[in-house]
$ cat upload_33.pdb   # PDB, C-alpha atoms and all ligand atoms
ATOM      1  CA  MET A  18       0.000   0.000   0.000  1.00  0.00           C
ATOM      2  CA  GLY A  19       1.266   3.474  -0.909  1.00  0.00           C
ATOM      3  CA  SER A  20       1.703   6.476   1.323  1.00  0.00           C
ATOM      4  CA  GLU A  21      -1.285   8.493   2.499  1.00  0.00           C
ATOM      5  CA  ALA A  22      -0.411  11.233  -0.012  1.00  0.00           C
ATOM      6  CA  GLU A  23      -0.351   8.684  -2.867  1.00  0.00           C
ATOM      7  CA  ARG A  24      -3.668   7.204  -1.746  1.00  0.00           C
ATOM      8  CA  ARG A  25      -5.196  10.701  -1.617  1.00  0.00           C
ATOM      9  CA  ARG A  26      -3.944  11.485  -5.161  1.00  0.00           C
ATOM     10  CA  GLU A  27      -5.372   8.190  -6.474  1.00  0.00           C
ATOM     11  CA  LEU A  28      -8.736   8.868  -4.856  1.00  0.00           C
ATOM     12  CA  GLU A  29      -8.899  12.445  -6.145  1.00  0.00           C
ATOM     13  CA  ALA A  30      -8.109  11.239  -9.688  1.00  0.00           C
ATOM     14  CA  LEU A  31     -10.841   8.614  -9.393  1.00  0.00           C
ATOM     15  CA  LEU A  32     -13.401  11.151  -8.217  1.00  0.00           C
ATOM     16  CA  LYS A  33     -12.566  13.477 -11.143  1.00  0.00           C
ATOM     17  CA  ALA A  34     -13.135  10.684 -13.644  1.00  0.00           C
ATOM     18  CA  ASP A  35     -16.283  10.448 -15.767  1.00  0.00           C
ATOM     19  CA  TRP A  36     -19.035   8.892 -13.639  1.00  0.00           C
ATOM     20  CA  LYS A  37     -19.401   6.100 -16.216  1.00  0.00           C
ATOM     21  CA  GLU A  38     -15.852   5.032 -15.408  1.00  0.00           C
ATOM     22  CA  LEU A  39     -16.521   4.683 -11.703  1.00  0.00           C
ATOM     23  CA  PRO A  40     -16.711   1.173 -10.248  1.00  0.00           C
ATOM     24  CA  ARG A  41     -20.288  -0.084  -9.749  1.00  0.00           C
ATOM     25  CA  ALA A  42     -20.489   0.380  -6.002  1.00  0.00           C
ATOM     26  CA  LEU A  43     -20.738   4.001  -4.924  1.00  0.00           C
ATOM     27  CA  ILE A  44     -18.452   3.415  -1.977  1.00  0.00           C
ATOM     28  CA  VAL A  45     -15.188   2.653  -3.716  1.00  0.00           C
ATOM     29  CA  GLU A  46     -13.214   2.306  -0.517  1.00  0.00           C
ATOM     30  CA  PRO A  47     -14.184   2.565   3.165  1.00  0.00           C
ATOM     31  CA  ALA A  48     -12.901   5.361   5.400  1.00  0.00           C
ATOM     32  CA  THR A  49     -11.953   7.644   2.526  1.00  0.00           C
ATOM     33  CA  SER A  50     -13.126  10.748   4.411  1.00  0.00           C
ATOM     34  CA  LYS A  51      -9.710  10.806   6.054  1.00  0.00           C
ATOM     35  CA  TYR A  52      -8.273  11.900   2.689  1.00  0.00           C
ATOM     36  CA  TYR A  53     -10.446  15.035   2.674  1.00  0.00           C
ATOM     37  CA  TYR A  54      -8.556  17.622   4.603  1.00  0.00           C
ATOM     38  CA  THR A  55     -11.405  19.882   5.670  1.00  0.00           C
ATOM     39  CA  GLY A  56      -8.743  22.094   7.238  1.00  0.00           C
ATOM     40  CA  ASP A  57      -8.100  23.341   3.689  1.00  0.00           C
ATOM     41  CA  TRP A  58     -11.256  25.489   3.919  1.00  0.00           C
ATOM     42  CA  ARG A  59     -10.356  27.155   7.184  1.00  0.00           C
ATOM     43  CA  THR A  60      -9.999  30.916   7.669  1.00  0.00           C
ATOM     44  CA  PHE A  61      -9.840  30.905  11.472  1.00  0.00           C
ATOM     45  CA  LYS A  62      -8.192  28.310  13.673  1.00  0.00           C
ATOM     46  CA  PRO A  63      -8.887  27.514  17.333  1.00  0.00           C
ATOM     47  CA  VAL A  64      -6.121  28.311  19.804  1.00  0.00           C
ATOM     48  CA  ARG A  65      -6.461  26.989  23.333  1.00  0.00           C
ATOM     49  CA  ASP A  66      -5.246  28.938  26.358  1.00  0.00           C
ATOM     50  CA  LYS A  67      -3.718  26.166  28.491  1.00  0.00           C
ATOM     51  CA  GLY A  68      -3.902  28.365  31.587  1.00  0.00           C
ATOM     52  CA  LYS A  69      -7.696  28.620  31.354  1.00  0.00           C
ATOM     53  CA  CYS A  70      -8.476  25.077  30.193  1.00  0.00           C
ATOM     54  CA  ILE A  71      -9.702  22.670  32.901  1.00  0.00           C
ATOM     55  CA  GLY A  72      -9.914  19.623  30.609  1.00  0.00           C
ATOM     56  CA  CYS A  73     -13.703  19.324  30.796  1.00  0.00           C
ATOM     57  CA  LEU A  74     -13.749  18.001  27.181  1.00  0.00           C
ATOM     58  CA  LEU A  75     -16.904  19.861  26.154  1.00  0.00           C
ATOM     59  CA  CYS A  76     -15.042  21.066  23.066  1.00  0.00           C
ATOM     60  CA  TRP A  77     -14.258  17.433  22.245  1.00  0.00           C
ATOM     61  CA  VAL A  78     -17.944  16.529  22.617  1.00  0.00           C
ATOM     62  CA  TYR A  79     -19.195  19.352  20.409  1.00  0.00           C
ATOM     63  CA  CYS A  80     -16.615  19.360  17.613  1.00  0.00           C
ATOM     64  CA  PRO A  81     -18.506  18.177  14.493  1.00  0.00           C
ATOM     65  CA  GLU A  82     -15.305  17.004  12.821  1.00  0.00           C
ATOM     66  CA  GLY A  83     -14.031  14.825  15.643  1.00  0.00           C
ATOM     67  CA  CYS A  84     -10.661  16.503  15.246  1.00  0.00           C
ATOM     68  CA  ILE A  85     -10.114  17.426  18.894  1.00  0.00           C
ATOM     69  CA  TYR A  86      -8.070  14.822  20.719  1.00  0.00           C
ATOM     70  CA  ILE A  87      -6.970  14.287  24.292  1.00  0.00           C
ATOM     71  CA  THR A  88      -3.289  14.830  24.951  1.00  0.00           C
ATOM     72  CA  GLU A  89      -1.070  12.882  27.338  1.00  0.00           C
ATOM     73  CA  ASP A  90      -1.189  15.690  29.911  1.00  0.00           C
ATOM     74  CA  GLY A  91      -5.004  15.486  30.031  1.00  0.00           C
ATOM     75  CA  GLY A  92      -5.513  18.580  27.911  1.00  0.00           C
ATOM     76  CA  VAL A  93      -6.864  18.780  24.397  1.00  0.00           C
ATOM     77  CA  ASP A  94      -5.380  19.628  21.047  1.00  0.00           C
ATOM     78  CA  VAL A  95      -6.728  19.990  17.521  1.00  0.00           C
ATOM     79  CA  ASP A  96      -5.742  18.097  14.401  1.00  0.00           C
ATOM     80  CA  LEU A  97      -5.642  21.074  12.049  1.00  0.00           C
ATOM     81  CA  ASN A  98      -5.740  18.818   8.974  1.00  0.00           C
ATOM     82  CA  TYR A  99      -9.415  18.256   9.745  1.00  0.00           C
ATOM     83  CA  CYS A 100     -10.477  21.348  11.709  1.00  0.00           C
ATOM     84  CA  LYS A 101     -12.717  23.407   9.430  1.00  0.00           C
ATOM     85  CA  GLY A 102     -12.629  26.462  11.691  1.00  0.00           C
ATOM     86  CA  CYS A 103     -16.336  26.500  12.513  1.00  0.00           C
ATOM     87  CA  GLY A 104     -15.734  27.941  15.989  1.00  0.00           C
ATOM     88  CA  ILE A 105     -18.189  25.660  17.798  1.00  0.00           C
ATOM     89  CA  CYS A 106     -15.506  24.578  20.260  1.00  0.00           C
ATOM     90  CA  ALA A 107     -14.781  28.210  21.154  1.00  0.00           C
ATOM     91  CA  ARG A 108     -18.480  28.933  21.515  1.00  0.00           C
ATOM     92  CA  GLU A 109     -19.117  25.934  23.781  1.00  0.00           C
ATOM     93  CA  CYS A 110     -16.061  26.217  26.008  1.00  0.00           C
ATOM     94  CA  PRO A 111     -17.433  27.314  29.398  1.00  0.00           C
ATOM     95  CA  LEU A 112     -14.213  29.114  30.297  1.00  0.00           C
ATOM     96  CA  GLN A 113     -13.596  30.878  26.979  1.00  0.00           C
ATOM     97  CA  ALA A 114     -10.301  29.034  26.823  1.00  0.00           C
ATOM     98  CA  ILE A 115     -10.417  28.794  23.018  1.00  0.00           C
ATOM     99  CA  ALA A 116      -9.946  31.800  20.772  1.00  0.00           C
ATOM    100  CA  MET A 117     -10.544  31.715  17.026  1.00  0.00           C
ATOM    101  CA  VAL A 118      -7.505  33.295  15.409  1.00  0.00           C
ATOM    102  CA  GLU A 119      -7.320  34.353  11.769  1.00  0.00           C
ATOM    103  CA  GLU A 120      -4.700  32.437   9.813  1.00  0.00           C
TER
HETATM  104  S1  LIG A 201     -13.228  25.032  15.035  1.00  0.00           S
HETATM  105 FE1  LIG A 201     -14.889  23.528  14.635  1.00  0.00          FE
HETATM  106  S2  LIG A 201     -13.879  21.864  13.539  1.00  0.00           S
HETATM  107 FE2  LIG A 201     -12.240  23.079  14.480  1.00  0.00          FE
HETATM  108  S3  LIG A 201     -11.820  22.069  16.438  1.00  0.00           S
HETATM  109 FE3  LIG A 201     -13.347  23.698  16.813  1.00  0.00          FE
HETATM  110  S4  LIG A 201     -15.345  22.652  16.667  1.00  0.00           S
HETATM  111 FE4  LIG A 201     -13.802  21.324  15.708  1.00  0.00          FE
HETATM  112  S1  LIG A 202     -14.173  23.094  26.540  1.00  0.00           S
HETATM  113 FE1  LIG A 202     -12.627  24.619  27.119  1.00  0.00          FE
HETATM  114  S2  LIG A 202     -12.086  24.112  29.233  1.00  0.00           S
HETATM  115 FE2  LIG A 202     -13.133  22.334  28.375  1.00  0.00          FE
HETATM  116  S3  LIG A 202     -11.459  21.036  27.560  1.00  0.00           S
HETATM  117 FE3  LIG A 202     -12.160  22.318  25.869  1.00  0.00          FE
HETATM  118  S4  LIG A 202     -10.778  24.103  25.932  1.00  0.00           S
HETATM  119 FE4  LIG A 202     -10.599  23.078  27.907  1.00  0.00          FE
END
$ encode --input "upload_33.pdb" --output "structure tokens"
Amino acid sequence: MGSEAERRRELEALLKADWKELPRALIVEPATSKYYYTGDWRTFKPVRDKGKCIGCLLCWVYCPEGCIYITEDGGVDVDLNYCKGCGICARECPLQAIAMVEE
């Protein structure tokens, strides 16, 4: 199996092909959403203030992309490849520990 970048290129080429050339099943491969870097759309990114964060994980619960993950120190961090910058985490954080910063 090739690298993730190669797999992404192959999938993008397939999706650009004429629909008549697509394989019969609509789902050509499971778990392909990981090749769509929704972070490409982003204008603002979430930045967490570690001093304010209490690790309540509400941001993790509310993130629609599932791109917030728990770090070894019990805090949270964001996988920016998949964060689309919607700002829901910042809105839901009870301590305003997340600021949306223009990129
Ligand atoms: S900005 Fe939106 S997508 Fe990004 S981490 Fe926050 S809730 Fe998730
Ligand atoms: S919602 Fe706010 S306080 Fe809770 S874990 Fe996320 S950043 Fe920290």
$ residues_near_ligand --input "upload_33.pdb" --ligand "ligand LIG 201 (chain A)" --cutoff "8 Å" --atoms "all atoms listed in the file" --output "NGL selection string"
:A and (61-63 or 76-77 or 79-85 or 95-97 or 99-107 or 117)
$ closest_residue --input "upload_33.pdb" --among "A:Cys73, A:Val64, A:Val78, A:Glu21" --to "A:Pro111" --atoms "only C-alpha atoms"
A:Cys73
$ atom_distance --input "upload_33.pdb" --atom1 "atom CA of A:Val118" --atom2 "atom CA of A:Thr60"
8.5 Å
$ closest_residue --input "upload_33.pdb" --among "A:Val93, A:Tyr54, A:Asp35, A:Glu46" --to "A:Leu75" --atoms "only C-alpha atoms"
A:Val93
$ atom_distance --input "upload_33.pdb" --atom1 "atom CA of A:Arg25" --atom2 "atom CA of A:Trp58"
16.9 Å
$ atom_distance --input "upload_33.pdb" --atom1 "atom CA of A:Asp66" --atom2 "atom S4 of ligand LIG 202 (chain A)"
7.4 Å
$ closest_residue --input "upload_33.pdb" --among "A:Ala116, A:Ile87, A:Leu28, A:Leu74" --to "ligand LIG 202 (chain A)" --atoms "only C-alpha atoms and all ligand atoms"
A:Leu74
$ closest_residue --input "upload_33.pdb" --among "A:Glu119, A:Asp57, A:Glu109, A:Glu29" --to "ligand LIG 202 (chain A)" --atoms "all atoms listed in the file"
A:Glu109
$ axis_aligned_box --input "upload_33.pdb" --around "ligand LIG 202 (chain A)" --padding-each-side "4 Å" --output "AutoDock Vina command-line options"
--center_x -12.4 --center_y 22.8 --center_z 27.6 --size_x 11.6 --size_y 11.6 --size_z 11.4
$ resolve_selection --input "upload_33.pdb" --expression "the PyMOL selection byres (((chain A and resi 114) around 6) and not hetatm)" --output "PyMOL selection string"
chain A and resi 65-66+69-70+112-113+115
$ write_last_selection --input "upload_33.pdb" --atoms "C-alpha atoms" --output "mmCIF file, in the frame of the given file"
data_model
loop_
_atom_site.group_PDB
_atom_site.id
_atom_site.type_symbol
_atom_site.label_atom_id
_atom_site.label_comp_id
_atom_site.auth_asym_id
_atom_site.auth_seq_id
_atom_site.Cartn_x
_atom_site.Cartn_y
_atom_site.Cartn_z
ATOM 1 C CA ARG A 65 -6.461 26.989 23.333
ATOM 2 C CA ASP A 66 -5.246 28.938 26.358
ATOM 3 C CA LYS A 69 -7.696 28.620 31.354
ATOM 4 C CA CYS A 70 -8.476 25.077 30.193
ATOM 5 C CA LEU A 112 -14.213 29.114 30.297
ATOM 6 C CA GLN A 113 -13.596 30.878 26.979
ATOM 7 C CA ILE A 115 -10.417 28.794 23.018
#
$ build_atoms --input "upload_33.pdb" --residues "stretch 78-95 of chain A" --atoms "N, CA and C atoms" --output "PDB file, keeping the file's coordinate frame"
ATOM      1  N   VAL A  78     -16.582  17.035  22.828  1.00  0.00           N
ATOM      2  CA  VAL A  78     -17.944  16.529  22.617  1.00  0.00           C
ATOM      3  C   VAL A  78     -18.617  17.244  21.452  1.00  0.00           C
ATOM      4  N   TYR A  79     -18.452  18.559  21.390  1.00  0.00           N
ATOM      5  CA  TYR A  79     -19.195  19.352  20.409  1.00  0.00           C
ATOM      6  C   TYR A  79     -18.542  19.442  19.035  1.00  0.00           C
ATOM      7  N   CYS A  80     -17.278  19.194  18.913  1.00  0.00           N
ATOM      8  CA  CYS A  80     -16.615  19.360  17.613  1.00  0.00           C
ATOM      9  C   CYS A  80     -17.260  18.440  16.567  1.00  0.00           C
ATOM     10  N   PRO A  81     -17.826  19.008  15.499  1.00  0.00           N
ATOM     11  CA  PRO A  81     -18.506  18.177  14.493  1.00  0.00           C
ATOM     12  C   PRO A  81     -17.553  17.375  13.623  1.00  0.00           C
ATOM     13  N   GLU A  82     -16.282  17.708  13.652  1.00  0.00           N
ATOM     14  CA  GLU A  82     -15.305  17.004  12.821  1.00  0.00           C
ATOM     15  C   GLU A  82     -14.583  15.882  13.565  1.00  0.00           C
ATOM     16  N   GLY A  83     -14.746  15.837  14.869  1.00  0.00           N
ATOM     17  CA  GLY A  83     -14.031  14.825  15.643  1.00  0.00           C
ATOM     18  C   GLY A  83     -12.531  15.025  15.573  1.00  0.00           C
ATOM     19  N   CYS A  84     -12.099  16.262  15.426  1.00  0.00           N
ATOM     20  CA  CYS A  84     -10.661  16.503  15.246  1.00  0.00           C
ATOM     21  C   CYS A  84      -9.980  17.006  16.515  1.00  0.00           C
ATOM     22  N   ILE A  85     -10.735  17.075  17.625  1.00  0.00           N
ATOM     23  CA  ILE A  85     -10.114  17.426  18.894  1.00  0.00           C
ATOM     24  C   ILE A  85      -9.735  16.121  19.587  1.00  0.00           C
ATOM     25  N   TYR A  86      -8.513  16.049  20.054  1.00  0.00           N
ATOM     26  CA  TYR A  86      -8.070  14.822  20.719  1.00  0.00           C
ATOM     27  C   TYR A  86      -7.467  15.142  22.084  1.00  0.00           C
ATOM     28  N   ILE A  87      -7.448  14.123  22.921  1.00  0.00           N
ATOM     29  CA  ILE A  87      -6.970  14.287  24.292  1.00  0.00           C
ATOM     30  C   ILE A  87      -5.466  14.030  24.313  1.00  0.00           C
ATOM     31  N   THR A  88      -4.740  14.955  24.907  1.00  0.00           N
ATOM     32  CA  THR A  88      -3.289  14.830  24.951  1.00  0.00           C
ATOM     33  C   THR A  88      -2.842  14.057  26.194  1.00  0.00           C
ATOM     34  N   GLU A  89      -1.577  13.693  26.229  1.00  0.00           N
ATOM     35  CA  GLU A  89      -1.070  12.882  27.338  1.00  0.00           C
ATOM     36  C   GLU A  89      -1.174  13.611  28.676  1.00  0.00           C
ATOM     37  N   ASP A  90      -1.112  14.941  28.649  1.00  0.00           N
ATOM     38  CA  ASP A  90      -1.189  15.690  29.911  1.00  0.00           C
ATOM     39  C   ASP A  90      -2.636  15.967  30.336  1.00  0.00           C
ATOM     40  N   GLY A  91      -3.599  15.330  29.656  1.00  0.00           N
ATOM     41  CA  GLY A  91      -5.004  15.486  30.031  1.00  0.00           C
ATOM     42  C   GLY A  91      -5.671  16.693  29.398  1.00  0.00           C
ATOM     43  N   GLY A  92      -4.926  17.438  28.610  1.00  0.00           N
ATOM     44  CA  GLY A  92      -5.513  18.580  27.911  1.00  0.00           C
ATOM     45  C   GLY A  92      -6.098  18.132  26.582  1.00  0.00           C
ATOM     46  N   VAL A  93      -6.344  19.092  25.728  1.00  0.00           N
ATOM     47  CA  VAL A  93      -6.864  18.780  24.397  1.00  0.00           C
ATOM     48  C   VAL A  93      -6.028  19.508  23.354  1.00  0.00           C
ATOM     49  N   ASP A  94      -6.037  18.965  22.163  1.00  0.00           N
ATOM     50  CA  ASP A  94      -5.380  19.628  21.047  1.00  0.00           C
ATOM     51  C   ASP A  94      -6.221  19.370  19.805  1.00  0.00           C
ATOM     52  N   VAL A  95      -5.915  20.061  18.740  1.00  0.00           N
ATOM     53  CA  VAL A  95      -6.728  19.990  17.521  1.00  0.00           C
ATOM     54  C   VAL A  95      -5.864  19.482  16.376  1.00  0.00           C
TER      55      VAL A  95
END
